[in-house]
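K.L.:
Here you go, one structure.
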Protein chains: 2
Amino acid sequence: METLQWQGGVDGHLVLIDQTKLPERCDQLACTDAQQVWEAIKWLRVRGAPAIGIAAAYGMVLGVRQHTSLDRTRFRQQLAEVADLLASSRPTAVNLFWAIRRLRACAERQASDVSNRAIVEALLAEARAIHEEDRVMCHAIGRHGAELLEDGMGVLTHCNAGGLATSEYGTALSVIYTAQDQGKRIRVYADETRPLLQGARLTTWELMQRNVDVTLICDSMAAQVMREGRVQAVLTGADRIAANGDAANKIGTYAVALLAQAHAVPFYVAAPSSTFDLSLAAGDQIPIEQRDDEEVTCGMGVRTAPRGVKVYNPAFDVTPSALIRAIVCEHGIIQPVNASSVAATVARK
Amino acid sequence: METLQWQGGVDGHLVLIDQTKLPERCDQLACTDAQQVWEAIKWLRVRGAPAIGIAAAYGMVLGVRQHTSLDRTRFRQQLAEVADLLASSRPTAVNLFWAIRRLRACAERQASDVSNRAIVEALLAEARAIHEEDRVMCHAIGRHGAELLEDGMGVLTHCNAGGLATSEYGTALSVIYTAQDQGKRIRVYADETRPLLQGARLTTWELMQRNVDVTLICDSMAAQVMREGRVQAVLTGADRIAANGDAANKIGTYAVALLAQAHAVPFYVAAPSSTFDLSLAAGDQIPIEQRDDEEVTCGMGVRTAPRGVKVYNPAFDVTPSALIRAIVCEHGIIQPVNASSVAATVARK
């Protein structure tokens, strides 16, 4: 089952896995207009930067295709309104704005004498291209990263850098899926990833869907799992990587990297080259978002801490490049990780 | 409010905080017979080895005091039955058996010509003695340990080694309470302690009751808290300590010790001398209990992982003595931690 799927032609629709229902149910949600896509992004039914971008691109198609009978000016107006609507769904999602801009640029590129219907067809082709490019990129990450994994290895992962956040194979999990496709037997230990439990809810679910041998642990058990020799590699995604290779990712990643170092287990990051922000020299320039107390005190909808307790809830931490054995991106493996190796690989983009 | 309290004389009763209701409610539970004490221990309304021992001792009094009109043989029989009942409440609780044995020995010490009523009075005095000895021991741990803490320090703790598990001040938390009593301002960061959340539910609650500045974090945030310089010490309890100082404690403690080392933050253990098991040369001889999958997959009563997912759920881990800067017990501070310093301090007992 795919995270996102466009079914049919210009008159078709977008089908999403409703991720808010996982892991108890795997409901598919059909979106036939832009408003439904807006709601799906807003309420986290679709999540993960690449997946949000793809959904928004298809949302643009859905938002204009009934308006082909309008004159060109009003059709363009409609396109702008749909773009504004979709952009308001998740105010900080970079891929969302990027995908919407790309669809608008596509419309503007069309000659003035083509029909509105032909513009919608061009928009659908562009959305499909965004979708396909993401798929190709994830597979490239998987192909490069699979070189790092050997048959019989145990791999620890944190949070969800899988297909549910992207088009198909994901980033960190693409490495595991690809290794498995190559016939390597990989055992995965998935950190549950408090406070929002993406590891427990999403990573275990999608690994089980693809018949990967996965064992769920609490975040506090990772050191014990390493000590017992159960894992030979740690593999995570990244949200933002500085020019020197310092990588921001879900809170707890830095701890896992330190624990891996203490047990001489290599720590790998897998992320697309678009994750690199070369304007930041080092990771200490990456701002750390603080999130709501309730994520910690009312995890799973049940109150588990005293009312009024102070909470510290950073959403991310930064793993210094010195703790990262290699970064895998669609262009190859960056190893050792430092400013010059990052520049050499990411500049190729 | 005290974890356990005997109210009145021989005809009085035991009052417990019902810890299953924390942190949402602080209900007190009055136990007037041994069956109620059995239920309170069985259903974790009272928990923590020392607190269970104290509760069972008072339970012995409650179980025999209505039977003073029996002849001595049948009174002794009743005493044995109550002992068996209470011993069946938590089958692996060492302090429980120890307290019951101590109460039975007390009864057997009584001269044959004293009344049954006088024996019950002697049993109550013995139960009070166990309670008071625990209180004195916790305060001694607090007094020694407080030397390690300075005004203004941040202290990270894991799980609950506080008054809720003991008579009053607890072990690790006694150090913090005593430092605060001395006028030192201590800021505490409490790991929530997955899977059972003793840190979120109990540690924050009791620290707030005593007006200690406490901040709740997820276990995965400890490294970030250290990196930001928010804590100058880590302080935990222990369940069992080997002769060389290796310490078994709640899962996640070993990880915290490694993270503390990586940030040059001293890691301290506070535990009574009864926690040492000198028959074990090193921590690798301490068996690690594996617990139910549901603690991880259905934390807080809500299912958060796919049905059928494999789970690894070790209840404890072992922190090697090389990572422990000092162990605080009621006899003083063991520092450095090794077989000879342990023998020198614990032998004094």
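Labeling convention for the structure tokens: chains A, B, ... as they appear, residues from 1 per chain, ligands from 1 in order of appearance.
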Return as a ChimeraX atom specification the residues belonging to chain A that are within 9 Å of chain B, counting only C-alpha atoms.

P.N.:
/A:22-24,189,192-195,197,199-202,204-205,208,213-225,251-256,258-259,262,296-297,299-307,309-314,317-318

K.L.:
List every residue of region 87-171 of chain A that DSSP, applied to the backbone, labels as helix (DSSP H, G or I), and write the result as a ChimeraX atom specification.

P.N.:
/A:87,94-109,116-146,163-165

K.L.:
Would you mind listing what lies within 8 Å of Leu173 (chain A) as a PyMOL selection string, with only C-alpha atoms counted and same-chain residues fewer than 5 positions away left out?

P.N.:
chain A and resi 142+161-163

K.L.:
Go ahead and save the residues from that selection, with N, CA, C and O atoms, as an mmCIF file, in the first residue's frame.

P.N.:
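Below you can see part_17.cif, which holds the result:
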```cif
data_model
loop_
_atom_site.group_PDB
_atom_site.id
_atom_site.type_symbol
_atom_site.label_atom_id
_atom_site.label_comp_id
_atom_site.auth_asym_id
_atom_site.auth_seq_id
_atom_site.Cartn_x
_atom_site.Cartn_y
_atom_site.Cartn_z
ATOM 1 N N GLY A 142 18.760 4.452 -0.972
ATOM 2 C CA GLY A 142 18.760 3.058 -0.553
ATOM 3 C C GLY A 142 19.896 2.263 -1.183
ATOM 4 O O GLY A 142 20.574 1.482 -0.525
ATOM 5 N N ALA A 161 11.939 7.610 9.306
ATOM 6 C CA ALA A 161 12.476 8.171 8.063
ATOM 7 C C ALA A 161 12.186 7.146 6.990
ATOM 8 O O ALA A 161 13.076 6.639 6.312
ATOM 9 N N GLY A 162 10.911 6.823 6.862
ATOM 10 C CA GLY A 162 10.500 5.734 5.985
ATOM 11 C C GLY A 162 9.573 6.181 4.891
ATOM 12 O O GLY A 162 9.400 7.374 4.617
ATOM 13 N N GLY A 163 8.964 5.201 4.267
ATOM 14 C CA GLY A 163 8.084 5.446 3.143
ATOM 15 C C GLY A 163 6.868 6.282 3.501
ATOM 16 O O GLY A 163 6.311 6.968 2.635
#
```

K.L.:
Could you tell me how far CA of Trp6 (chain B) lies from CA of Gly59 (chain B), in Å and to one decimal?

P.N.:
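Separation between CA of Trp6 (chain B) and CA of Gly59 (chain B): 10.5 Å.
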
K.L.:
How far is it from CA of Leu70 (chain B) to CA of Val82 (chain B), in Å with one decimal?

P.N.:
14.8 Å

K.L.:
So, counting only C-alpha atoms, which residue among B:Arg109, B:Arg135, B:Lys42, B:His158 is closest to Gly237 (chain B)?

P.N.:
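Of the candidates, the smallest distance to Gly237 (chain B) is held by B:His158.
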
K.L.:
Give me, as JSON, numbers by chain, the residues of region 197-345 of chain B that a backbone DSSP run labels strand (DSSP E).

P.N.:
{"B": [213, 214, 215, 216, 217, 233, 234, 235, 236, 240, 241, 242, 247, 248, 249, 250, 267, 268, 269, 270, 276, 277, 310, 311, 316, 317, 318, 319, 326, 327, 328, 329, 332, 333, 334]}

K.L.:
Just to confirm, what's the straight-line distance from CA of His13 (chain B) to CA of Arg65 (chain B) in Å (one decimal)?

P.N.:
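So the two atoms, CA of His13 (chain B) and CA of Arg65 (chain B), lie 11.0 Å apart.
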
K.L.:
Set the distance at 9 Å and use only C-alpha atoms: which residues neighbour Gly332 (chain A) once local chain neighbours fewer than 4 positions away are removed? I'd like the list as a list in words.

P.N.:
Ala140, Ile141, Arg143, His144, Gly145, Ile327, Val328 and Thr345 of chain A

K.L.:
Give me a file of those residues, with N, CA and C atoms, as a PDB file, in the first residue's frame.

P.N.:
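Listed below is the output, selection07.pdb:
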```pdb
ATOM      1  N   ALA A 140      17.770   5.842  -4.806  1.00  0.00           N
ATOM      2  CA  ALA A 140      19.216   6.091  -4.920  1.00  0.00           C
ATOM      3  C   ALA A 140      19.860   6.078  -3.532  1.00  0.00           C
ATOM      4  N   ILE A 141      19.188   6.697  -2.552  1.00  0.00           N
ATOM      5  CA  ILE A 141      19.704   6.672  -1.178  1.00  0.00           C
ATOM      6  C   ILE A 141      19.801   5.219  -0.701  1.00  0.00           C
ATOM      7  N   ARG A 143      20.116   2.513  -2.463  1.00  0.00           N
ATOM      8  CA  ARG A 143      21.148   1.769  -3.195  1.00  0.00           C
ATOM      9  C   ARG A 143      22.538   2.094  -2.645  1.00  0.00           C
ATOM     10  N   HIS A 144      22.806   3.395  -2.425  1.00  0.00           N
ATOM     11  CA  HIS A 144      24.121   3.762  -1.871  1.00  0.00           C
ATOM     12  C   HIS A 144      24.262   3.224  -0.450  1.00  0.00           C
ATOM     13  N   GLY A 145      23.232   3.417   0.350  1.00  0.00           N
ATOM     14  CA  GLY A 145      23.339   3.058   1.771  1.00  0.00           C
ATOM     15  C   GLY A 145      23.422   1.565   2.003  1.00  0.00           C
ATOM     16  N   ILE A 327      27.304   9.943   5.949  1.00  0.00           N
ATOM     17  CA  ILE A 327      25.983  10.429   5.551  1.00  0.00           C
ATOM     18  C   ILE A 327      25.711   9.896   4.145  1.00  0.00           C
ATOM     19  N   VAL A 328      24.530   9.276   4.000  1.00  0.00           N
ATOM     20  CA  VAL A 328      24.147   8.742   2.694  1.00  0.00           C
ATOM     21  C   VAL A 328      23.143   9.700   2.063  1.00  0.00           C
ATOM     22  N   THR A 345      30.313  16.453  -2.258  1.00  0.00           N
ATOM     23  CA  THR A 345      29.187  15.610  -2.675  1.00  0.00           C
ATOM     24  C   THR A 345      27.936  16.414  -2.970  1.00  0.00           C
TER      25      THR A 345
END
```

K.L.:
Could you pull the residues within 10 Å of Leu149 (chain B), counting only C-alpha atoms, minus those fewer than 4 positions along the same chain, as a list of chain:residue names?

P.N.:
B:Gly145, B:Met153, B:Gly154, B:Val155, B:Val175, B:Ile176, B:Thr178, B:Ala179, B:Gln180, B:Lys184, B:Arg185, B:Ile186, B:Gln232, B:Ala233

K.L.:
Env of Ser88 (chain B): 10 Å cut, atoms = only C-alpha atoms, seq-sep filter 3 positions within chain, self excluded. Answer as a list in words.

P.N.:
Trp38, Ile41, Lys42, Val82, Ala83, Asp84, Leu85, Pro91, Thr92, Ala93, Leu96 and Phe97 of chain B

K.L.:
Calculated over only C-alpha atoms, which of the candidates B:Ala40, B:Glu150, B:Ala271, B:Glu168 has the smallest distance to Gln28 (chain B)?

P.N.:
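The answer is B:Ala40, which sits nearest to Gln28 (chain B).
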
K.L.:
Between B:Ala238, B:Glu81, B:Asp18, B:Glu294, which is the closest to Cys329 (chain B) once you count only C-alpha atoms?

P.N.:
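Looking at the shortest contact to Cys329 (chain B), the residue is B:Ala238.
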